[in-house]
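Listing of my_file-v3.txt, compact mmCIF, C-alpha atoms
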# COMPACT_ATOMS: atom_id res chain seq x y z
CA MET A 1 110.51 82.26 77.20
CA LEU A 2 108.57 80.18 79.73
CA HIS A 3 108.51 76.42 79.34
CA GLN A 4 105.61 75.70 81.68
CA ASP A 5 101.88 76.30 81.81
CA THR A 6 101.47 79.07 84.40
CA ALA A 7 97.87 77.99 84.97
CA GLU A 8 99.18 74.71 86.38
CA ARG A 9 102.37 75.67 88.17
CA PRO A 10 104.29 78.75 89.25
CA PHE A 11 107.47 79.79 87.49
CA ILE A 12 108.86 81.37 90.65
CA VAL A 13 107.91 81.08 94.33
CA PHE A 14 108.97 83.62 96.93
CA TRP A 15 109.02 82.30 100.47
CA GLU A 16 109.36 84.89 103.22
CA ILE A 17 110.97 82.51 105.67
CA THR A 18 111.03 85.14 108.42
CA LYS A 19 109.87 88.68 109.02
CA ALA A 20 112.84 89.40 111.27
CA CYS A 21 115.41 91.87 109.97
CA GLY A 22 118.07 94.16 111.39
CA LEU A 23 116.99 96.98 109.06
CA ALA A 24 113.80 99.06 108.98
CA CYS A 25 113.71 100.25 105.38
CA ARG A 26 111.29 103.00 104.37
CA HIS A 27 109.94 101.00 101.41
CA CYS A 28 109.73 97.58 103.11
CA ARG A 29 106.83 95.50 101.77
CA ALA A 30 107.02 93.20 104.79
CA SER A 31 107.15 95.95 107.43
CA ALA A 32 109.93 93.82 108.89
CA VAL A 33 110.55 93.71 112.65
CA PRO A 34 113.60 92.93 114.82
CA GLN A 35 112.36 89.60 116.23
CA ARG A 36 111.20 86.35 114.62
CA HIS A 37 107.50 85.51 114.79
CA PRO A 38 106.64 82.52 117.04
CA LEU A 39 104.27 81.09 114.38
CA GLU A 40 106.80 81.01 111.54
CA LEU A 41 106.80 77.82 109.49
CA THR A 42 109.02 75.26 111.17
CA THR A 43 111.91 73.53 109.45
CA GLU A 44 109.76 70.43 108.92
CA GLU A 45 106.90 72.47 107.45
CA GLY A 46 109.38 74.21 105.18
CA MET A 47 110.70 70.87 103.97
CA ARG A 48 107.14 69.90 103.02
CA VAL A 49 106.75 73.11 101.02
CA ILE A 50 109.95 72.25 99.16
CA ASP A 51 108.80 68.67 98.53
CA ASP A 52 105.49 69.93 97.12
CA LEU A 53 107.25 72.23 94.66
CA ALA A 54 109.69 69.52 93.65
CA ALA A 55 106.80 67.11 92.99
CA LEU A 56 105.62 69.42 90.20
CA GLY A 57 108.42 67.95 88.11
CA SER A 58 110.60 69.56 85.49
CA PRO A 59 110.96 72.44 84.94
CA ARG A 60 110.74 73.04 88.67
CA PRO A 61 109.89 76.49 90.05
CA ILE A 62 112.66 78.82 91.13
CA LEU A 63 112.57 79.13 94.91
CA VAL A 64 113.57 82.51 96.35
CA LEU A 65 114.14 82.55 100.11
CA THR A 66 113.49 86.07 101.28
CA GLY A 67 112.26 88.00 104.30
CA GLY A 68 112.75 90.10 106.36
CA ASP A 69 116.24 88.75 106.31
CA PRO A 70 116.48 85.01 105.60
CA PHE A 71 119.87 84.99 107.33
CA GLU A 72 118.01 85.45 110.63
CA ARG A 73 117.03 81.75 110.47
CA ALA A 74 119.55 79.24 111.78
CA ASP A 75 118.08 76.49 109.58
CA LEU A 76 118.64 78.40 106.34
CA ILE A 77 121.42 76.09 105.19
CA ASP A 78 119.22 73.03 105.87
CA LEU A 79 116.42 74.47 103.76
CA VAL A 80 118.81 75.32 100.92
CA ARG A 81 120.44 71.90 101.03
CA HIS A 82 117.07 70.14 100.94
CA ALA A 83 115.78 72.27 98.06
CA ASP A 84 118.93 71.59 96.07
CA SER A 85 118.64 67.85 96.73
CA GLN A 86 115.11 67.99 95.30
CA GLY A 87 116.25 69.74 92.13
CA LEU A 88 114.89 73.21 92.92
CA PRO A 89 116.92 76.23 91.76
CA VAL A 90 117.48 78.29 94.92
CA ALA A 91 118.12 82.03 95.24
CA LEU A 92 118.58 84.09 98.40
CA SER A 93 117.53 87.67 99.05
CA PRO A 94 119.37 88.73 102.23
CA SER A 95 119.60 92.08 103.92
CA VAL A 96 123.03 93.65 104.21
CA THR A 97 123.62 93.31 107.93
CA PRO A 98 126.38 91.70 110.04
CA ASN A 99 124.63 88.36 109.34
CA LEU A 100 125.90 88.48 105.76
CA THR A 101 129.35 86.99 106.23
CA ARG A 102 131.70 85.38 103.73
CA GLU A 103 131.62 82.15 105.71
CA ARG A 104 127.84 81.83 105.60
CA LEU A 105 127.69 82.81 101.95
CA ALA A 106 130.32 80.22 101.06
CA ALA A 107 128.52 77.50 103.03
CA LEU A 108 125.18 78.32 101.40
CA HIS A 109 126.73 78.29 97.94
CA GLN A 110 128.20 74.87 98.65
CA ALA A 111 124.77 73.74 99.91
CA GLY A 112 123.20 74.63 96.56
CA ALA A 113 122.21 78.32 96.47
CA GLY A 114 123.06 79.67 93.04
CA ALA A 115 122.01 83.32 93.10
CA ILE A 116 121.97 86.23 95.52
CA SER A 117 119.93 89.40 95.15
CA LEU A 118 121.03 92.55 96.94
CA SER A 119 119.13 95.82 97.10
CA LEU A 120 120.76 99.05 96.00
CA ASP A 121 118.32 101.94 95.96
CA GLY A 122 120.63 104.82 95.22
CA ALA A 123 123.98 105.59 93.66
CA ARG A 124 124.81 107.96 96.49
CA PRO A 125 125.32 106.73 100.07
CA GLU A 126 122.94 109.34 101.46
CA THR A 127 120.16 108.12 99.16
CA HIS A 128 120.51 104.41 99.89
CA ASP A 129 121.28 104.85 103.58
CA GLY A 130 118.35 107.26 103.88
CA ILE A 131 116.05 104.50 102.63
CA ARG A 132 117.67 101.89 104.90
CA ARG A 133 117.73 104.29 107.86
CA ILE A 134 121.19 103.08 108.85
CA GLU A 135 124.41 104.86 107.91
CA GLY A 136 127.02 102.76 106.11
CA VAL A 137 124.70 100.24 104.46
CA HIS A 138 125.48 101.58 100.97
CA ARG A 139 129.20 100.99 101.44
CA ALA A 140 128.54 97.57 102.98
CA THR A 141 126.34 96.62 100.01
CA LEU A 142 129.12 97.37 97.53
CA VAL A 143 131.47 95.20 99.58
CA ALA A 144 128.87 92.42 99.79
CA ALA A 145 128.29 92.55 96.03
CA ALA A 146 131.97 92.00 95.33
CA MET A 147 132.08 89.14 97.84
CA VAL A 148 129.03 87.47 96.26
CA ARG A 149 130.65 87.58 92.82
CA GLU A 150 133.98 86.28 94.16
CA LEU A 151 132.23 83.26 95.69
CA GLY A 152 130.72 82.29 92.33
CA TYR A 153 127.10 83.34 92.79
CA ARG A 154 124.99 84.98 90.11
CA LEU A 155 124.37 88.49 91.41
CA GLN A 156 121.06 90.26 90.96
CA VAL A 157 120.72 93.86 92.11
CA ASN A 158 117.25 95.11 93.06
CA THR A 159 116.40 98.80 92.83
CA THR A 160 113.11 100.28 94.00
CA VAL A 161 112.40 103.36 91.89
CA HIS A 162 110.50 106.31 93.31
CA ALA A 163 110.44 110.07 92.93
CA ASP A 164 113.45 110.68 95.20
CA ASN A 165 115.95 108.38 93.45
CA VAL A 166 114.85 108.09 89.82
CA HIS A 167 117.51 110.56 88.59
CA GLU A 168 120.27 108.35 90.03
CA LEU A 169 119.44 105.43 87.73
CA PRO A 170 122.21 106.22 85.18
CA ASP A 171 124.80 106.41 87.97
CA LEU A 172 123.57 103.06 89.28
CA LEU A 173 123.81 101.67 85.75
CA ALA A 174 127.46 102.70 85.51
CA TRP A 175 128.24 100.86 88.74
CA LEU A 176 126.26 97.77 87.64
CA ILE A 177 128.27 97.57 84.43
CA ASP A 178 131.57 97.77 86.31
CA ALA A 179 130.36 95.19 88.84
CA ASP A 180 129.36 92.80 86.02
CA VAL A 181 126.03 91.94 87.63
CA SER A 182 123.98 89.12 86.16
CA LEU A 183 120.65 90.95 86.31
CA TRP A 184 119.22 94.32 87.30
CA SER A 185 115.71 94.05 88.73
CA VAL A 186 114.03 97.45 88.62
CA PHE A 187 110.99 97.60 90.88
CA LEU A 188 108.37 100.29 90.43
CA LEU A 189 107.07 101.24 93.84
CA VAL A 190 103.77 99.77 95.02
CA PRO A 191 102.31 101.75 97.93
CA THR A 192 102.00 98.86 100.33
CA GLY A 193 103.65 98.18 103.70
CA ARG A 194 106.06 100.98 104.57
CA GLY A 195 106.33 101.73 100.85
CA ALA A 196 103.20 103.85 101.22
CA GLU A 197 105.45 106.50 102.80
CA LEU A 198 107.31 107.15 99.52
CA ALA A 199 106.22 109.12 96.46
CA GLY A 200 105.91 107.08 93.29
CA LEU A 201 106.35 108.19 89.69
CA THR A 202 103.64 109.64 87.49
CA SER A 203 102.45 107.45 84.63
CA ASP A 204 104.33 109.50 82.02
CA GLN A 205 107.52 109.22 84.12
CA VAL A 206 107.01 105.45 84.31
CA GLU A 207 106.79 105.36 80.51
CA ASP A 208 110.03 107.33 80.26
CA VAL A 209 111.80 104.98 82.68
CA LEU A 210 110.62 101.86 80.83
CA HIS A 211 111.81 103.21 77.49
CA TRP A 212 115.14 104.18 79.04
CA LEU A 213 115.48 100.67 80.48
CA HIS A 214 114.94 99.28 77.01
CA ASP A 215 117.52 101.74 75.66
CA ILE A 216 120.18 100.36 78.04
CA GLY A 217 119.09 96.70 77.88
CA GLU A 218 122.23 95.68 76.00
CA LEU A 219 124.52 97.25 78.58
CA VAL A 220 123.17 95.18 81.48
CA PRO A 221 120.40 92.55 81.50
CA VAL A 222 117.24 94.14 82.90
CA LYS A 223 113.98 92.86 84.29
CA THR A 224 111.17 94.80 85.90
CA THR A 225 109.14 94.00 88.99
CA GLU A 226 105.57 95.31 89.26
CA ALA A 227 106.03 96.92 85.85
CA PRO A 228 104.68 94.37 83.35
CA GLN A 229 104.24 97.26 80.91
CA PHE A 230 107.90 96.69 80.07
CA ARG A 231 106.74 93.74 77.96
CA ARG A 232 104.39 96.04 76.07
CA VAL A 233 107.18 98.56 75.48
CA ALA A 234 109.49 95.81 74.17
CA MET A 235 106.81 94.60 71.74
CA GLN A 236 106.00 98.11 70.54
CA ARG A 237 109.66 98.88 69.87
CA ALA A 238 110.49 95.63 68.07
CA GLY A 239 111.60 96.35 64.52
CA VAL A 240 111.14 100.14 64.83
CA ALA A 241 113.98 102.04 63.16
CA ASP A 242 113.31 105.52 64.57
CA ILE A 243 112.22 104.99 68.18
CA ASP A 244 112.07 108.69 69.06
CA ALA A 245 109.79 109.50 66.14
CA LEU A 246 107.25 106.90 67.23
CA PHE A 247 107.80 107.30 70.99
CA PRO A 248 108.94 110.89 71.66
CA PRO A 249 111.06 111.08 74.82
CA GLY A 250 109.58 112.95 77.76
CA PRO A 251 111.65 115.23 80.02
CA LEU A 252 112.69 112.44 82.39
CA ARG A 253 113.86 110.13 79.64
CA GLY A 254 115.85 112.97 78.12
CA GLN A 255 117.58 113.60 81.45
CA LEU A 256 118.31 109.90 81.98
CA ARG A 257 119.73 109.61 78.47
CA GLN A 258 121.93 112.66 78.87
CA ARG A 259 123.41 111.42 82.13
CA THR A 260 123.91 107.94 80.66
CA SER A 261 125.87 109.37 77.74
CA GLU A 262 128.12 111.21 80.21
CA LEU A 263 128.87 108.04 82.18
CA VAL A 264 128.88 105.19 79.65
CA PRO A 265 130.91 105.46 76.43
CA ALA A 266 128.93 104.86 73.25
CA SER A 267 131.55 102.26 72.30
CA HIS A 268 130.95 100.16 75.42
CA ALA A 269 130.69 96.41 74.80
CA LEU A 270 127.14 95.12 74.52
CA ARG A 271 125.58 92.13 76.25
CA HIS A 272 122.69 89.88 75.36
CA ARG A 273 119.34 91.61 75.85
CA ARG A 274 117.06 89.78 78.29
CA ARG A 275 113.56 89.26 76.93
CA PRO A 276 110.83 90.22 79.43
CA LEU A 277 108.95 87.20 80.77
CA SER A 278 105.15 87.15 80.79
CA VAL A 279 104.59 86.55 84.49
CA ASN A 280 102.49 88.48 86.97
CA ALA A 281 100.84 88.10 90.36
CA GLY A 282 99.18 84.68 90.40
CA ARG A 283 100.31 84.06 86.84
CA GLY A 284 103.62 82.31 87.27
CA VAL A 285 104.25 83.99 90.62
CA ALA A 286 103.27 82.84 94.13
CA PHE A 287 104.27 84.08 97.57
CA ILE A 288 104.34 82.35 100.97
CA ASP A 289 104.64 84.50 104.06
CA HIS A 290 106.50 83.63 107.24
CA CYS A 291 103.45 81.92 108.77
CA GLY A 292 102.59 79.93 105.64
CA THR A 293 99.84 82.11 104.19
CA ILE A 294 99.79 82.14 100.39
CA TYR A 295 99.38 85.27 98.26
CA PRO A 296 99.48 85.90 94.50
CA SER A 297 102.59 88.00 95.13
CA GLY A 298 104.35 89.66 98.02
CA PHE A 299 102.87 93.00 97.00
CA LEU A 300 99.25 91.84 96.66
CA PRO A 301 98.05 91.26 100.25
CA LEU A 302 95.00 89.12 99.45
CA ALA A 303 95.37 85.69 101.07
CA VAL A 304 94.26 82.64 99.10
CA GLY A 305 95.05 79.92 101.67
CA SER A 306 97.73 78.38 103.84
CA VAL A 307 100.33 75.70 103.26
CA ARG A 308 99.37 74.39 106.68
CA GLU A 309 95.97 73.43 105.23
CA ARG A 310 96.78 72.36 101.66
CA PRO A 311 99.94 72.32 99.52
CA LEU A 312 100.80 75.51 97.64
CA SER A 313 100.45 73.69 94.32
CA ALA A 314 96.77 72.97 95.05
CA TRP A 315 95.99 76.53 96.12
CA TYR A 316 97.79 77.86 93.07
CA ARG A 317 95.70 75.77 90.66
CA ASP A 318 92.32 76.01 92.41
CA SER A 319 92.10 79.45 94.03
CA PRO A 320 89.33 81.59 92.45
CA LEU A 321 91.51 84.70 92.89
CA MET A 322 94.56 83.07 91.29
CA ASN A 323 92.44 81.94 88.35
CA ALA A 324 90.86 85.37 87.93
CA LEU A 325 94.30 87.01 87.91
CA ARG A 326 95.39 84.63 85.16
CA ASP A 327 92.40 85.48 82.94
CA PRO A 328 92.50 89.00 81.45
CA ASP A 329 88.82 88.66 80.57
CA HIS A 330 88.18 89.34 84.27
CA PHE A 331 90.01 92.68 84.18
CA THR A 332 88.17 95.99 84.25
CA GLY A 333 88.86 99.51 82.98
CA LYS A 334 91.59 100.12 80.41
CA CYS A 335 93.23 96.77 81.11
CA ALA A 336 90.05 94.97 80.02
CA VAL A 337 90.23 96.33 76.47
CA CYS A 338 94.00 96.65 76.06
CA GLU A 339 95.46 94.69 73.17
CA PHE A 340 98.49 93.88 75.36
CA ARG A 341 96.49 92.53 78.31
CA ARG A 342 97.58 88.91 77.78
CA VAL A 343 101.31 89.70 77.76
CA CYS A 344 101.22 92.63 80.20
CA GLY A 345 98.06 92.74 82.29
CA GLY A 346 99.21 95.69 84.38
CA SER A 347 100.42 95.48 87.96
CA ARG A 348 97.64 93.71 89.84
CA SER A 349 99.36 94.71 93.08
CA ARG A 350 99.33 98.42 92.27
CA ALA A 351 95.74 98.20 91.03
CA PHE A 352 94.72 96.78 94.39
CA ALA A 353 96.85 99.20 96.43
CA THR A 354 95.40 102.24 94.69
CA THR A 355 91.81 101.22 93.83
CA GLY A 356 91.04 98.29 96.12
CA ASP A 357 90.33 96.11 93.05
CA PRO A 358 93.04 93.60 92.06
CA LEU A 359 91.41 93.30 88.62
CA GLY A 360 91.21 97.04 87.99
CA ASP A 361 93.40 99.58 86.21
CA ASP A 362 97.09 100.00 86.91
CA PRO A 363 97.42 103.77 87.42
CA ALA A 364 101.14 103.66 86.53
CA CYS A 365 100.32 102.79 82.91
CA ASP A 366 100.30 105.74 80.50
CA TYR A 367 99.20 103.71 77.47
CA VAL A 368 95.73 104.34 76.04
CA PRO A 369 94.41 101.27 74.22
CA ALA A 370 92.60 101.72 70.94
CA GLY A 371 89.53 100.08 72.50
CA TRP A 372 89.51 102.71 75.25
CA LEU A 373 89.30 105.73 72.97
CA GLY A 374 85.87 107.27 73.19
CA THR A 375 84.88 105.16 76.20
CA PRO A 376 82.92 107.30 78.66
Go through the file and emit its structure as structure tokens.
Amino acid sequence: MLHQDTAERPFIVFWEITKACGLACRHCRASAVPQRHPLELTTEEGMRVIDDLAALGSPRPILVLTGGDPFERADLIDLVRHADSQGLPVALSPSVTPNLTRERLAALHQAGAGAISLSLDGARPETHDGIRRIEGVHRATLVAAAMVRELGYRLQVNTTVHADNVHELPDLLAWLIDADVSLWSVFLLVPTGRGAELAGLTSDQVEDVLHWLHDIGELVPVKTTEAPQFRRVAMQRAGVADIDALFPPGPLRGQLRQRTSELVPASHALRHRRRPLSVNAGRGVAFIDHCGTIYPSGFLPLAVGSVRERPLSAWYRDSPLMNALRDPDHFTGKCAVCEFRRVCGGSRSRAFATTGDPLGDDPACDYVPAGWLGTP
């Protein structure tokens, strides 16, 4: 449950502190490059961003330092230390490269970073390494995950789901359980950046995946990225005794269930289910790129301003686009009449990537609202 007004302040801010990265992943939103950009925000400018977020008061936004690879910046520890001194919860989203050493991780944890997110996009090395385009990254990610946990971080694992890896989700789940991860963030592909090269799921497959994620939500805490329909699924299933009768499983969900039953004993200990949070692009979420340009999210490439001109907090409150994204009455198509539009709202990023309209339909949503029936 959120404890802040998302019209006034973001719940979470992603800052792409650099576009530089030693990998060239097939699904990279940032289309990362080997070298740092000469117009990246400086250390001093970054400190001002942090001060602006801290001035919002409690509860302060979560600050995620991402990239590219944030470990490409030599001042990363200074940024983390300053954010921690200002009371901001800090998380890091590094790439698994030789930059990710135990020594740097330990120093950053001591400086105030509390969580690390690592990407794992396949249970098999050939799947993950095929996405990363570098052999051995899968094995290195498993080693890095163990190191992160040993150092006392909360570990989040990010998985981008697409047509080529969706059937490996149960095998990933089994590993996540054994690794005792704090959170599994399942990202439904948005065709932006290099991600446009990959094939996404059909809307009925998305529905199957979301129901399966709810099925396994007491085995590992789950959140979704660019799949706000998960909140709708959770609400629809609340209090329902016979889920399959009301929501008949499709072929994909049946396959995922079968493989899960083969890998995870029915008697496995359960964990606390994580309730989906009602945040979306521009509604609780803001993104700053490496040069200081502000976007509603990292996957919605419509600039609203720059931190070099005004603080992020001002752009967040005053931007016409941000305000439109926060008001479902501005939506069009199915999303405009959907009874879940205020808790879901569809992926604004996918709507833009596929239709050119950030307020339009999310084509990954299979749900047909009552108000849409009979609409020409």
Just want the 12 Å neighbourhood of A:Arg341, counted on all atoms listed in the file, with same-chain residues fewer than 6 positions away dropped. Output as a compact mmCIF listing (two decimals) with C-alpha atoms, in the frame of the given file.
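That gives us selection.txt:
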# COMPACT_ATOMS: atom_id res chain seq x y z
CA PRO A 228 104.68 94.37 83.35
CA GLN A 229 104.24 97.26 80.91
CA ARG A 231 106.74 93.74 77.96
CA ARG A 232 104.39 96.04 76.07
CA SER A 278 105.15 87.15 80.79
CA VAL A 279 104.59 86.55 84.49
CA ASN A 280 102.49 88.48 86.97
CA LEU A 325 94.30 87.01 87.91
CA ARG A 326 95.39 84.63 85.16
CA ASP A 327 92.40 85.48 82.94
CA PRO A 328 92.50 89.00 81.45
CA ASP A 329 88.82 88.66 80.57
CA HIS A 330 88.18 89.34 84.27
CA PHE A 331 90.01 92.68 84.18
CA THR A 332 88.17 95.99 84.25
CA GLY A 333 88.86 99.51 82.98
CA LYS A 334 91.59 100.12 80.41
CA CYS A 335 93.23 96.77 81.11
CA SER A 347 100.42 95.48 87.96
CA ARG A 348 97.64 93.71 89.84
CA LEU A 359 91.41 93.30 88.62
CA GLY A 360 91.21 97.04 87.99
CA ASP A 361 93.40 99.58 86.21
CA ASP A 362 97.09 100.00 86.91
CA CYS A 365 100.32 102.79 82.91
CA TYR A 367 99.20 103.71 77.47
CA PRO A 369 94.41 101.27 74.22
CA GLY A 371 89.53 100.08 72.50
Using Å and a single decimal, report how far atom CA of A:Ala144 sits from atom CA of A:Val264. 23.8 Å
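Using all atoms listed in the file for every distance, the candidate list A:Arg133, A:Arg36, A:Lys223, A:Arg9 yields A:Lys223 as the residue closest to A:Arg274.
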Within 9 Å of A:Asp180, counting all atoms listed in the file, which residues show up once you throw out same-chain ones fewer than 2 positions away? Write them as an MDAnalysis selection string, please. chainID A and resid 149 155 175:178 182:183 220
May I have the residues from that selection written out with C-alpha atoms, as a tab-separated table (two decimals), in the coordinates of the input?
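Now in selection-v2.tsv:
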chain	number	residue	atom	x	y	z
A	149	ARG	CA	130.65	87.58	92.82
A	155	LEU	CA	124.37	88.49	91.41
A	175	TRP	CA	128.24	100.86	88.74
A	176	LEU	CA	126.26	97.77	87.64
A	177	ILE	CA	128.27	97.57	84.43
A	178	ASP	CA	131.57	97.77	86.31
A	182	SER	CA	123.98	89.12	86.16
A	183	LEU	CA	120.65	90.95	86.31
A	220	VAL	CA	123.17	95.18	81.48
With all atoms listed in the file as the counted atoms, please give the residues lying no more than 12 Å from A:Pro251, apart from itself and same-chain residues fewer than 5 positions off, as an NGL selection string. :A and (167 or 204-209 or 212 or 256-258)
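The coordinates place atom CA of A:Gln110 at 18.7 Å from atom CA of A:Met47.
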Taking 5 positions as the minimum chain separation for residues in the same chain, which residues sit within 10 Å of A:Thr43 when counting all atoms listed in the file? Answer as a PyMOL selection string. chain A and resi 17+48-49+73-76+78-79
How would the residues just picked look written out with C-alpha atoms as a compact mmCIF listing (two decimals), keeping the file's coordinate frame?
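Printed below is result-v5.txt as written:
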# COMPACT_ATOMS: atom_id res chain seq x y z
CA ILE A 17 110.97 82.51 105.67
CA ARG A 48 107.14 69.90 103.02
CA VAL A 49 106.75 73.11 101.02
CA ARG A 73 117.03 81.75 110.47
CA ALA A 74 119.55 79.24 111.78
CA ASP A 75 118.08 76.49 109.58
CA LEU A 76 118.64 78.40 106.34
CA ASP A 78 119.22 73.03 105.87
CA LEU A 79 116.42 74.47 103.76
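Closest approach to A:Thr160 among A:Gln236, A:Ser261, A:Thr225, A:Thr101: A:Thr225, based on only C-alpha atoms.
One finds atom CA of A:Trp15 at 23.7 Å from atom CA of A:Gly345.
Residues lying within 12 Å of A:Pro98, counting only C-alpha atoms and ignoring same-chain neighbours fewer than 2 positions away, are Cys21, Gly22, Leu23, Asp69, Phe71, Glu72, Pro94, Ser95, Val96, Leu100, Thr101, Arg102, Glu103, Arg104, Gly136, Val137, Ala140, Thr141 and Ala144 of chain A.
In this comparison, which uses only C-alpha atoms, the residue of A:Pro276, A:Pro358, A:Pro221, A:Pro265 approaching A:Ala234 most closely is A:Pro276.
With distances taken over all atoms listed in the file, A:Ser203 is the one residue among A:Asn165, A:Gln156, A:Thr355, A:Ser203 lying closest to A:Gly250.
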Enclosing box along x, y and z for every listed atom of stretch 343-361 of chain A, padded 8 Å each side, centre and size in Å, one decimal, as lines of an AutoDock Vina configuration file:
center_x = 95.8
center_y = 96.0
center_z = 87.1
size_x = 27.0
size_y = 28.5
size_z = 34.7
For a quick check of understanding, using only C-alpha atoms, which of A:Thr260, A:Glu150, A:Arg81, A:Lys19 has the smallest distance to A:Leu41? A:Lys19
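Checking A:Val190, A:Asp244, A:Glu262, A:Ala199 one by one against A:His211, counting all atoms listed in the file, you find the shortest gap at A:Asp244.
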